[in-house]
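Source file: protein_4.csv. Holds: CSV, C-alpha atoms.
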chain,number,residue,atom,x,y,z
Q,1,MET,CA,37.6,-4.1,12.4
Q,2,CYS,CA,35.4,-3.3,9.4
Q,3,CYS,CA,35.4,-5.7,6.5
Q,4,GLY,CA,36.7,-2.8,4.3
Q,5,GLU,CA,40.1,-2.6,5.9
Q,6,ARG,CA,42.9,-5.1,6.5
Q,7,GLN,CA,46.4,-4.5,8.0
Q,8,ILE,CA,49.5,-6.0,6.4
Q,9,PRO,CA,51.2,-8.5,8.7
Q,10,ARG,CA,54.2,-7.4,10.8
Q,11,ALA,CA,56.6,-9.7,8.9
Q,12,LEU,CA,55.9,-7.6,5.7
Q,13,GLN,CA,56.6,-4.5,7.7
Q,14,ASN,CA,60.0,-5.7,8.7
Q,15,ALA,CA,60.9,-6.7,5.2
Q,16,TYR,CA,60.3,-3.2,3.9
Q,17,GLY,CA,62.2,-1.8,6.8
Q,18,ARG,CA,59.5,0.6,7.9
Q,19,PRO,CA,56.0,0.2,9.4
Q,20,LEU,CA,53.2,0.1,6.8
Q,21,ARG,CA,49.9,1.9,7.5
Q,22,THR,CA,46.5,0.2,7.2
Q,23,ARG,CA,45.6,-0.4,3.6
Q,24,THR,CA,42.1,-0.4,2.1
Q,25,PHE,CA,41.0,-2.9,-0.5
Q,26,PRO,CA,38.5,-1.5,-3.0
Q,27,SER,CA,36.5,-4.7,-3.4
Q,28,GLN,CA,36.2,-5.2,0.3
Q,29,LEU,CA,35.2,-1.5,0.7
Q,30,LYS,CA,32.4,-2.0,-1.8
Q,31,LEU,CA,31.3,-5.1,0.2
Q,32,CYS,CA,31.3,-3.0,3.4
Q,33,LEU,CA,29.3,-0.3,1.8
Q,34,LYS,CA,26.8,-2.8,0.4
Q,35,CYS,CA,26.4,-4.3,3.9
Q,36,SER,CA,25.8,-0.9,5.4
Q,37,ALA,CA,23.4,0.1,2.7
Q,38,PHE,CA,21.5,-3.2,3.1
Q,39,ASN,CA,21.2,-2.8,6.8
Q,40,ARG,CA,19.9,0.8,6.3
Q,41,VAL,CA,17.3,-0.4,3.8
Q,42,GLU,CA,16.2,-3.2,6.1
Q,43,GLN,CA,15.8,-0.6,8.9
Q,44,LEU,CA,13.7,1.6,6.6
Q,45,LYS,CA,11.5,-1.4,5.6
Q,46,ARG,CA,10.9,-2.3,9.2
Q,47,LEU,CA,10.0,1.3,9.9
Q,48,ARG,CA,7.7,1.5,6.9
Q,49,VAL,CA,5.9,-1.7,7.9
Q,50,SER,CA,5.4,-0.3,11.4
Q,51,LEU,CA,3.8,2.8,9.9
Q,52,ILE,CA,1.6,0.9,7.4
Q,53,PRO,CA,-1.5,0.2,9.5
Q,54,VAL,CA,-4.4,1.7,7.6
Q,55,ASP,CA,-6.8,3.9,9.4
Q,56,ALA,CA,-10.1,2.5,8.0
Q,57,GLU,CA,-12.2,5.3,9.5
Q,58,GLN,CA,-10.0,8.0,8.1
Q,59,LEU,CA,-10.1,6.5,4.6
Q,60,GLY,CA,-13.8,6.1,4.8
Q,61,ARG,CA,-14.4,9.6,6.1
Q,62,ARG,CA,-12.3,11.0,3.3
Q,63,ALA,CA,-14.3,9.2,0.6
Q,64,SER,CA,-17.6,10.2,2.3
Q,65,LEU,CA,-16.7,13.8,2.6
Q,66,ALA,CA,-15.6,13.9,-1.1
Q,67,GLY,CA,-19.0,12.4,-2.0
Q,68,MET,CA,-20.9,14.9,0.1
Q,69,ILE,CA,-19.2,17.9,-1.5
Q,70,ILE,CA,-19.4,16.7,-5.1
Q,71,SER,CA,-23.0,15.4,-4.8
Q,72,GLY,CA,-24.2,18.6,-3.1
Q,73,LEU,CA,-22.8,20.9,-5.8
Q,74,LEU,CA,-24.2,18.7,-8.5
Q,75,ALA,CA,-27.6,18.5,-6.9
Q,76,ILE,CA,-27.9,22.3,-6.6
Q,77,ALA,CA,-26.7,22.8,-10.2
Q,78,LYS,CA,-29.1,20.2,-11.7
Q,79,ILE,CA,-32.2,21.2,-9.7
Q,80,LEU,CA,-31.7,24.9,-10.5
Q,81,VAL,CA,-30.9,24.3,-14.2
Q,82,GLY,CA,-33.6,21.8,-14.6
Q,83,TRP,CA,-36.2,24.1,-13.0
Q,84,GLN,CA,-35.2,27.0,-15.3
Q,85,ALA,CA,-34.9,24.8,-18.4
Q,86,GLY,CA,-38.2,23.0,-17.7
Q,87,SER,CA,-36.7,19.5,-17.7
Q,88,GLN,CA,-38.2,16.9,-15.5
Q,89,ALA,CA,-35.4,14.4,-16.2
Q,90,VAL,CA,-32.8,16.9,-15.0
Q,91,ILE,CA,-34.8,17.7,-11.9
Q,92,ALA,CA,-35.2,14.0,-11.1
Q,93,ASP,CA,-31.4,13.4,-11.5
Q,94,GLY,CA,-30.8,16.4,-9.3
Q,95,ALA,CA,-33.1,15.0,-6.6
Q,96,GLU,CA,-31.2,11.7,-6.8
Q,97,SER,CA,-27.9,13.6,-6.3
Q,98,ALA,CA,-29.4,15.3,-3.2
Q,99,THR,CA,-30.1,11.9,-1.7
Q,100,ASP,CA,-26.4,11.1,-2.3
Q,101,VAL,CA,-25.5,13.8,0.2
Q,102,LEU,CA,-27.7,12.2,2.8
Q,103,THR,CA,-26.3,8.7,2.1
Q,104,SER,CA,-22.7,9.9,2.3
Q,105,LEU,CA,-23.5,11.6,5.6
Q,106,ALA,CA,-25.0,8.4,6.9
Q,107,VAL,CA,-21.9,6.5,5.8
Q,108,LEU,CA,-19.7,9.1,7.6
Q,109,VAL,CA,-21.6,8.7,10.8
Q,110,SER,CA,-21.7,4.9,10.6
Q,111,LEU,CA,-18.0,4.5,10.1
Q,112,GLY,CA,-17.4,6.6,13.3
Q,113,VAL,CA,-19.5,4.2,15.3
Q,114,ALA,CA,-18.3,1.0,13.6
Q,115,VAL,CA,-14.7,1.5,14.5
Q,116,ARG,CA,-15.4,1.8,18.3
Q,117,PRO,CA,-13.6,-0.9,20.3
Q,118,PRO,CA,-15.5,-3.7,21.9
Q,119,ASP,CA,-17.0,-3.0,25.4
Q,120,GLU,CA,-18.8,-5.0,28.0
Q,121,ASP,CA,-22.2,-4.7,26.3
Q,122,HIS,CA,-20.8,-5.2,22.8
Q,123,PRO,CA,-18.1,-7.9,23.0
Q,124,TYR,CA,-18.0,-8.2,19.2
Q,125,GLY,CA,-17.6,-4.4,18.7
Q,126,HIS,CA,-20.0,-2.0,17.0
Q,127,GLY,CA,-19.4,-3.0,13.4
Q,128,ARG,CA,-23.0,-4.1,12.8
Q,129,PHE,CA,-24.0,-0.4,12.9
Q,130,GLU,CA,-22.2,0.1,9.6
Q,131,ILE,CA,-24.2,-2.8,8.0
Q,132,LEU,CA,-27.5,-1.4,9.4
Q,133,THR,CA,-26.6,1.9,7.8
Q,134,GLY,CA,-26.2,0.2,4.5
Q,135,LEU,CA,-29.6,-1.4,4.9
Q,136,VAL,CA,-31.2,2.0,5.7
Q,137,LEU,CA,-29.5,3.5,2.6
Q,138,GLY,CA,-31.1,0.7,0.5
Q,139,HIS,CA,-34.6,1.6,1.7
Q,140,ILE,CA,-33.9,5.3,1.1
Q,141,LEU,CA,-32.8,4.6,-2.5
Q,142,THR,CA,-35.9,2.5,-3.1
Q,143,LEU,CA,-38.2,5.2,-1.8
Q,144,THR,CA,-36.4,7.9,-3.8
Q,145,GLY,CA,-36.8,5.9,-7.0
Q,146,VAL,CA,-40.5,5.5,-6.4
Q,147,ILE,CA,-41.0,9.2,-5.8
Q,148,ILE,CA,-39.0,10.2,-8.9
Q,149,ALA,CA,-40.8,7.7,-11.2
Q,150,TRP,CA,-44.2,8.7,-9.8
Q,151,ARG,CA,-43.6,12.4,-10.3
Q,152,SER,CA,-42.3,11.8,-13.9
Q,153,ILE,CA,-45.5,9.9,-14.7
Q,154,MET,CA,-47.6,12.9,-13.4
Q,155,VAL,CA,-45.6,15.3,-15.6
Q,156,MET,CA,-46.1,12.9,-18.6
Q,157,LEU,CA,-49.8,13.2,-18.1
Q,158,GLY,CA,-49.7,17.0,-17.9
Q,159,PRO,CA,-49.1,19.7,-20.5
Q,160,ARG,CA,-46.2,19.1,-22.9
Q,161,HIS,CA,-43.2,21.4,-23.2
Q,162,THR,CA,-39.7,21.3,-24.6
Q,163,PRO,CA,-36.7,21.8,-22.2
Q,164,ALA,CA,-34.1,24.4,-23.0
Q,165,PRO,CA,-30.8,23.1,-24.6
Q,166,TYR,CA,-28.6,24.2,-21.7
Q,167,ALA,CA,-30.3,21.6,-19.5
Q,168,MET,CA,-27.9,19.0,-21.0
Q,169,TRP,CA,-24.7,20.6,-19.5
Q,170,PRO,CA,-25.1,19.7,-15.8
Q,171,LEU,CA,-25.9,16.1,-16.8
Q,172,ALA,CA,-22.7,15.8,-18.9
Q,173,VAL,CA,-20.6,17.2,-16.1
Q,174,SER,CA,-22.3,14.9,-13.6
Q,175,ILE,CA,-21.6,11.8,-15.6
Q,176,VAL,CA,-17.8,12.5,-15.7
Q,177,LEU,CA,-17.6,13.4,-12.0
Q,178,LYS,CA,-19.6,10.5,-10.8
Q,179,PHE,CA,-17.4,8.1,-12.8
Q,180,PHE,CA,-14.3,9.1,-10.8
Q,181,LEU,CA,-16.2,9.4,-7.5
Q,182,SER,CA,-17.7,5.9,-7.9
Q,183,ALA,CA,-14.4,4.3,-8.7
Q,184,TYR,CA,-12.8,6.0,-5.7
Q,185,LYS,CA,-15.5,5.0,-3.3
Q,186,MET,CA,-15.6,1.4,-4.6
Q,187,ARG,CA,-11.8,1.0,-4.3
Q,188,THR,CA,-11.8,2.5,-0.8
Q,189,GLY,CA,-14.9,0.6,0.4
Q,190,ARG,CA,-13.5,-2.8,-0.7
Q,191,LYS,CA,-10.1,-2.0,0.8
Q,192,ILE,CA,-11.5,-1.3,4.3
Q,193,GLY,CA,-14.4,-3.8,4.0
Q,194,SER,CA,-17.2,-1.2,4.3
Q,195,SER,CA,-20.6,-2.4,3.1
Q,196,ALA,CA,-22.1,1.1,3.5
Q,197,LEU,CA,-19.3,2.7,1.4
Q,198,VAL,CA,-19.6,0.1,-1.3
Q,199,ALA,CA,-23.3,0.7,-1.4
Q,200,ASP,CA,-22.7,4.4,-1.7
Q,201,ALA,CA,-20.3,3.7,-4.6
Q,202,TRP,CA,-22.9,1.6,-6.4
Q,203,ASN,CA,-25.3,4.6,-5.9
Q,204,ASP,CA,-22.8,6.8,-7.7
Q,205,ALA,CA,-22.4,4.2,-10.4
Q,206,VAL,CA,-26.1,4.3,-11.0
Q,207,ASP,CA,-26.0,8.0,-11.1
Q,208,MET,CA,-23.8,7.7,-14.2
Q,209,LEU,CA,-26.4,5.4,-15.8
Q,210,SER,CA,-29.3,7.6,-14.7
Q,211,GLY,CA,-27.5,10.7,-15.9
Q,212,SER,CA,-26.9,9.1,-19.3
Q,213,VAL,CA,-30.5,8.1,-19.6
Q,214,ALA,CA,-31.6,11.7,-18.6
Q,215,LEU,CA,-29.1,13.2,-21.1
Q,216,VAL,CA,-30.4,11.0,-24.0
Q,217,ALA,CA,-34.0,11.8,-23.0
Q,218,VAL,CA,-33.4,15.6,-22.9
Q,219,GLY,CA,-31.4,15.5,-26.1
Q,220,LEU,CA,-34.2,13.7,-28.0
Q,221,ALA,CA,-36.8,16.1,-26.6
Q,222,ILE,CA,-34.8,19.1,-27.8
Q,223,LEU,CA,-33.8,17.7,-31.2
Q,224,ARG,CA,-37.2,16.2,-32.1
Q,225,PRO,CA,-39.8,17.8,-29.9
Q,226,ALA,CA,-42.7,16.7,-32.2
Q,227,LEU,CA,-41.6,13.1,-32.3
Q,228,PHE,CA,-40.1,12.7,-28.8
Q,229,HIS,CA,-42.4,15.0,-26.8
Q,230,ASN,CA,-42.6,12.6,-23.9
Q,231,ALA,CA,-38.9,11.7,-23.9
Q,232,ASP,CA,-38.0,13.9,-21.0
Q,233,PRO,CA,-40.6,12.5,-18.5
Q,234,ILE,CA,-40.0,9.0,-19.8
Q,235,GLY,CA,-36.3,9.6,-18.9
Q,236,GLY,CA,-37.4,10.5,-15.4
Q,237,VAL,CA,-39.3,7.3,-15.1
Q,238,LEU,CA,-36.3,5.2,-16.2
Q,239,VAL,CA,-34.1,7.0,-13.8
Q,240,GLY,CA,-36.5,6.2,-10.9
Q,241,SER,CA,-36.7,2.6,-12.0
Q,242,ILE,CA,-32.9,2.3,-12.0
Q,243,ILE,CA,-32.7,3.7,-8.5
Q,244,ILE,CA,-35.4,1.2,-7.3
Q,245,VAL,CA,-33.4,-1.7,-8.7
Q,246,LEU,CA,-30.2,-0.5,-7.0
Q,247,GLY,CA,-32.1,0.0,-3.7
Q,248,PHE,CA,-33.3,-3.7,-3.7
Q,249,LYS,CA,-29.7,-4.8,-4.5
Q,250,VAL,CA,-28.3,-3.0,-1.5
Q,251,ILE,CA,-31.1,-4.3,0.7
Q,252,ARG,CA,-30.4,-7.8,-0.3
Q,253,GLU,CA,-26.6,-7.7,0.3
Q,254,THR,CA,-26.8,-6.0,3.7
Q,255,THR,CA,-29.5,-8.4,4.8
Q,256,LEU,CA,-27.3,-11.4,3.9
Q,257,HIS,CA,-24.5,-9.9,6.1
Q,258,LEU,CA,-27.0,-9.4,9.0
Q,259,MET,CA,-28.0,-13.1,8.7
Q,260,ASP,CA,-24.4,-14.1,9.2
Q,261,THR,CA,-24.0,-15.5,5.6
Q,262,MET,CA,-20.7,-17.3,5.2
Q,263,PRO,CA,-18.0,-15.7,3.0
Q,264,ASP,CA,-17.1,-17.2,-0.4
Q,265,PRO,CA,-15.1,-20.5,-0.5
Q,266,ASP,CA,-11.9,-18.8,-1.5
Q,267,THR,CA,-12.0,-16.6,1.6
Q,268,MET,CA,-12.6,-19.6,3.9
Q,269,LYS,CA,-9.7,-21.4,2.2
Q,270,GLU,CA,-7.4,-18.5,3.1
Q,271,ILE,CA,-8.4,-18.9,6.8
Q,272,ARG,CA,-7.8,-22.6,6.8
Q,273,SER,CA,-4.5,-22.4,5.0
Q,274,SER,CA,-3.2,-19.8,7.4
Q,275,ALA,CA,-4.2,-21.8,10.4
Q,276,LEU,CA,-2.5,-25.0,9.2
Q,277,THR,CA,0.9,-23.3,8.8
Q,278,VAL,CA,1.4,-23.4,12.5
Q,279,ALA,CA,3.4,-26.3,13.8
Q,280,GLY,CA,1.2,-28.8,15.7
Q,281,ALA,CA,-2.0,-27.8,13.8
Q,282,LEU,CA,-2.9,-31.1,12.2
Q,283,ALA,CA,-6.3,-30.3,10.6
Q,284,VAL,CA,-9.3,-27.9,10.7
Q,285,GLU,CA,-12.5,-29.7,11.3
Q,286,LYS,CA,-14.9,-26.8,11.1
Q,287,CYS,CA,-14.5,-23.1,10.2
Q,288,PHE,CA,-17.2,-20.4,10.4
Q,289,ALA,CA,-16.9,-16.7,9.7
Q,290,ARG,CA,-19.4,-13.9,10.0
Q,291,LYS,CA,-19.0,-10.2,9.2
Q,292,THR,CA,-19.5,-7.7,12.0
Q,293,GLY,CA,-19.0,-4.4,10.3
Q,294,LEU,CA,-15.7,-3.9,8.5
Q,295,ARG,CA,-14.1,-7.2,9.4
Q,296,TYR,CA,-14.9,-10.9,10.1
Q,297,HIS,CA,-15.1,-12.9,13.4
Q,298,VAL,CA,-13.9,-16.5,12.9
Q,299,ASP,CA,-14.8,-19.7,14.8
Q,300,LEU,CA,-12.3,-22.4,14.1
Q,301,HIS,CA,-12.3,-26.1,15.4
Q,302,LEU,CA,-8.6,-27.1,15.3
Q,303,GLU,CA,-7.4,-30.7,15.5
Q,304,VAL,CA,-4.2,-31.4,17.4
Q,305,ASP,CA,-2.4,-34.5,18.8
Q,306,PRO,CA,-4.6,-36.0,21.5
Q,307,ASP,CA,-1.5,-36.9,23.6
Q,308,LEU,CA,-0.5,-33.2,24.1
Q,309,THR,CA,-1.1,-31.6,27.5
Q,310,VAL,CA,-3.7,-28.9,27.9
Q,311,ARG,CA,-1.0,-26.3,28.2
Q,312,ASP,CA,0.6,-27.4,24.9
Q,313,SER,CA,-2.8,-27.5,23.1
Q,314,HIS,CA,-3.6,-24.1,24.3
Q,315,SER,CA,-0.3,-22.8,23.1
Q,316,ILE,CA,-0.9,-24.1,19.6
Q,317,ALA,CA,-4.4,-22.6,19.6
Q,318,GLU,CA,-3.0,-19.2,20.6
Q,319,GLN,CA,-0.4,-19.4,17.9
Q,320,VAL,CA,-3.1,-20.2,15.3
Q,321,ARG,CA,-5.2,-17.3,16.5
Q,322,ASN,CA,-2.3,-14.8,16.2
Q,323,LYS,CA,-1.2,-16.3,12.8
Q,324,VAL,CA,-4.6,-15.9,11.2
Q,325,LYS,CA,-5.0,-12.4,12.5
Q,326,GLY,CA,-1.5,-11.5,11.3
Q,327,ASP,CA,-1.9,-13.0,7.9
Q,328,LEU,CA,-5.4,-11.7,7.2
Q,329,PRO,CA,-6.0,-8.1,8.2
Q,330,TRP,CA,-9.7,-8.4,7.5
Q,331,VAL,CA,-10.1,-10.8,10.4
Q,332,ALA,CA,-11.0,-9.1,13.7
Q,333,ASP,CA,-10.6,-12.1,16.0
Q,334,VAL,CA,-10.5,-15.9,16.0
Q,335,LEU,CA,-12.1,-18.2,18.5
Q,336,VAL,CA,-10.1,-21.5,18.4
Q,337,HIS,CA,-11.7,-24.7,19.8
Q,338,VAL,CA,-9.2,-27.6,20.2
Q,339,GLU,CA,-10.2,-31.1,19.4
Q,340,PRO,CA,-8.2,-34.4,19.2
Q,341,HIS,CA,-7.0,-35.4,15.7
Q,342,PRO,CA,-8.9,-38.6,14.7
Q,343,PRO,CA,-5.9,-40.4,13.0
Q,344,SER,CA,-3.6,-39.7,15.9
Q,345,LEU,CA,-6.4,-40.8,18.3
Q,346,ARG,CA,-6.9,-44.1,16.5
Q,347,GLN,CA,-3.1,-44.8,16.4
Q,348,SER,CA,-2.9,-44.0,20.1
Q,349,CYS,CA,-5.7,-46.4,20.9
Q,350,SER,CA,-4.3,-49.2,18.9
Q,351,GLU,CA,-1.0,-49.0,20.7
For the file at hand, write its structure as structure tokens.
Amino acid sequence: MCCGERQIPRALQNAYGRPLRTRTFPSQLKLCLKCSAFNRVEQLKRLRVSLIPVDAEQLGRRASLAGMIISGLLAIAKILVGWQAGSQAVIADGAESATDVLTSLAVLVSLGVAVRPPDEDHPYGHGRFEILTGLVLGHILTLTGVIIAWRSIMVMLGPRHTPAPYAMWPLAVSIVLKFFLSAYKMRTGRKIGSSALVADAWNDAVDMLSGSVALVAVGLAILRPALFHNADPIGGVLVGSIIIVLGFKVIRETTLHLMDTMPDPDTMKEIRSSALTVAGALAVEKCFARKTGLRYHVDLHLEVDPDLTVRDSHSIAEQVRNKVKGDLPWVADVLVHVEPHPPSLRQSCSE
């Protein structure tokens, strides 16, 4: 019988001389409806949690495709307008946008390879391909910056000319679009742990800076051509220099990942804290982590009671492995090595 209905006892029925039907109490009816609604909400929550798994490849592909389309349109617009308006700074910025198309394409391909499951020849998966792509992008950016700076210097040494005023429009539009695109890529790249996508986001952020430099340079050359006759090619040199600095930054970060550099202390603390929540896990002697693409592989030395059987110790280790992977979605796998806990060992020996 539901908690919203209660039948009057038979003794009361006889006193009234006729059978009484089931009576509903409003307060209990509300309680019953609340119980039903609560159960329904819990079912929806469980369903929602089961649908939550994020497809990292899909998110990365979406961001890369958006970058390719926007950067491609901006590159065409800036190169054509810069050529017609006679602005070296606009052409340099357009060439930089053209390289963005190639970098976004490289990120798109790398994400498709990085998410492949482990196989016999690659037991740790294919995630390092994504880091290698970031390294290649860093070299491409550096080379692009050198070419842009060199070409701008050559223009500075040649005949002088004043760019047309309409050269400023594609630069202004580019700054606005690149602001939103960089924020979108940066948020997505950090969410899925993609070094290549984060590097691409930094590239778009530098586009804003380089576009601003080019906009100021073109504006000065148009407003005061006699005084700032070299402002336009100087802007091209500054744009190239900014791109070179970014390229070195990307190269450094991806190289550190390839060298298995440990994560920051707060990240390692999360791993240790998660492992020690399992019953029987007494301490963590050592903990190492290395990034293999989008996620980390962890090596953990776990201390347990030395008097436990091998079966029990293995059970605790398996629970720790599953607990860390469940609590920290950026962990791909955990290799747990069981060791005797020293205080327990000393106590056991003294006895």
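When the distance limit is 10 Å and only C-alpha atoms are what count, the residues near Ile91 of chain Q, minus those fewer than 4 positions from it on the same chain, are Q:Ala75, Q:Ile76, Q:Ala77, Q:Lys78, Q:Ile79, Q:Leu80, Q:Val81, Q:Gly82, Q:Trp83, Q:Gln84, Q:Ala85, Q:Gly86, Q:Ser87, Q:Ala95, Q:Glu96, Q:Ser97, Q:Ile148, Q:Ser152, Q:Ala167, Q:Ala214, Q:Gly236.
The space between atom CA of Ile244 of chain Q and atom CA of Leu135 of chain Q spans 13.8 Å.
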Have a look at atom CA of Thr261 of chain Q and atom CA of Gly193 of chain Q and let me know their distance in Å, one decimal.
15.2 Å
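Nearest-residue note for Ala283 of chain Q: choosing from Q:Glu318, Q:Glu339, Q:Asp312, Q:Asp232, the minimum distance belongs to Q:Glu339, counting only C-alpha atoms.
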Using 7 Å as the limit and counting all atoms listed in the file, can you tabulate each residue of segment 101-155 of chain Q that touches segment 289-307 of chain Q, with its shortest atom-to-atom distance in Å and the two atoms involved, as a Markdown table?
| residue | atom | partner | partner_atom | distance |
| --- | --- | --- | --- | --- |
| Q:Ala114 | CA | Q:Gly293 | CA | 6.4 |
| Q:Gly127 | CA | Q:Gly293 | CA | 3.4 |
| Q:Arg128 | CA | Q:Gly293 | CA | 4.7 |
| Q:Phe129 | CA | Q:Gly293 | CA | 6.9 |
| Q:Glu130 | CA | Q:Gly293 | CA | 5.6 |
| Q:Ile131 | CA | Q:Gly293 | CA | 5.9 |
Gly134 of chain Q: which residues within 12 Å, counting all atoms listed in the file, same-chain residues fewer than 3 positions away excluded, as a VMD selection string?
chain Q and resid 103 to 111 127 to 131 137 to 141 194 to 203 247 to 258 293 to 294
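Across the structure, atom CA of Thr267 of chain Q and atom CA of Ser182 of chain Q are spaced 25.1 Å apart.
Around segment 278-280 of chain Q, within 12 Å and counting all atoms listed in the file, the residues found are Arg272, Ser273, Leu302, Glu303, Val304, Asp305, Pro306, Asp307, Leu308, Asp312, Ser313, His314, Ser315, Ile316, Ala317, Glu318, Gln319, Val320, Arg321, Asn322, Lys323, Val324, Asp327, Val338, Pro340, His341 and Ser344 of chain Q, once anything fewer than 5 positions away on its own chain is removed.
Using all atoms listed in the file, the protein and nucleic acid residues lying at most 7 Å from the point (-39.7, 12.3, -17.4) are Q:Gln88, Q:Ala89, Q:Ser152, Q:Ile153, Q:Val155, Q:Met156, Q:Ala231, Q:Asp232, Q:Pro233, Q:Ile234, Q:Gly235, Q:Gly236, Q:Val237.
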Grab the residues selected above and save them as a PDB file, in the coordinates of the input with C-alpha atoms.
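Writing the result to selection_29.pdb gives the following:
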ATOM      1  CA  GLN Q  88     -38.200  16.900 -15.500  1.00  0.00           C
ATOM      2  CA  ALA Q  89     -35.400  14.400 -16.200  1.00  0.00           C
ATOM      3  CA  SER Q 152     -42.300  11.800 -13.900  1.00  0.00           C
ATOM      4  CA  ILE Q 153     -45.500   9.900 -14.700  1.00  0.00           C
ATOM      5  CA  VAL Q 155     -45.600  15.300 -15.600  1.00  0.00           C
ATOM      6  CA  MET Q 156     -46.100  12.900 -18.600  1.00  0.00           C
ATOM      7  CA  ALA Q 231     -38.900  11.700 -23.900  1.00  0.00           C
ATOM      8  CA  ASP Q 232     -38.000  13.900 -21.000  1.00  0.00           C
ATOM      9  CA  PRO Q 233     -40.600  12.500 -18.500  1.00  0.00           C
ATOM     10  CA  ILE Q 234     -40.000   9.000 -19.800  1.00  0.00           C
ATOM     11  CA  GLY Q 235     -36.300   9.600 -18.900  1.00  0.00           C
ATOM     12  CA  GLY Q 236     -37.400  10.500 -15.400  1.00  0.00           C
ATOM     13  CA  VAL Q 237     -39.300   7.300 -15.100  1.00  0.00           C
TER      14      VAL Q 237
END
If you count only C-alpha atoms, which residues fall within 12 Å of His229 of chain Q, apart from same-chain ones fewer than 6 positions away, as a ChimeraX atom specification?
/Q:87,155-163,217-223,235
Skip Trp169 of chain Q itself and residues of its chain fewer than 3 positions away, then list as a list in words all residues within 10 Å of it, counting all atoms listed in the file.
Ala77, Lys78, Val81, Val90, Pro165, Tyr166, Ala172, Val173, Ser174 and Leu215 of chain Q
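Checking Q:Val239, Q:Val213, Q:His122, Q:Leu132 one by one against Trp150 of chain Q, counting all atoms listed in the file, you find the shortest gap at Q:Val239.
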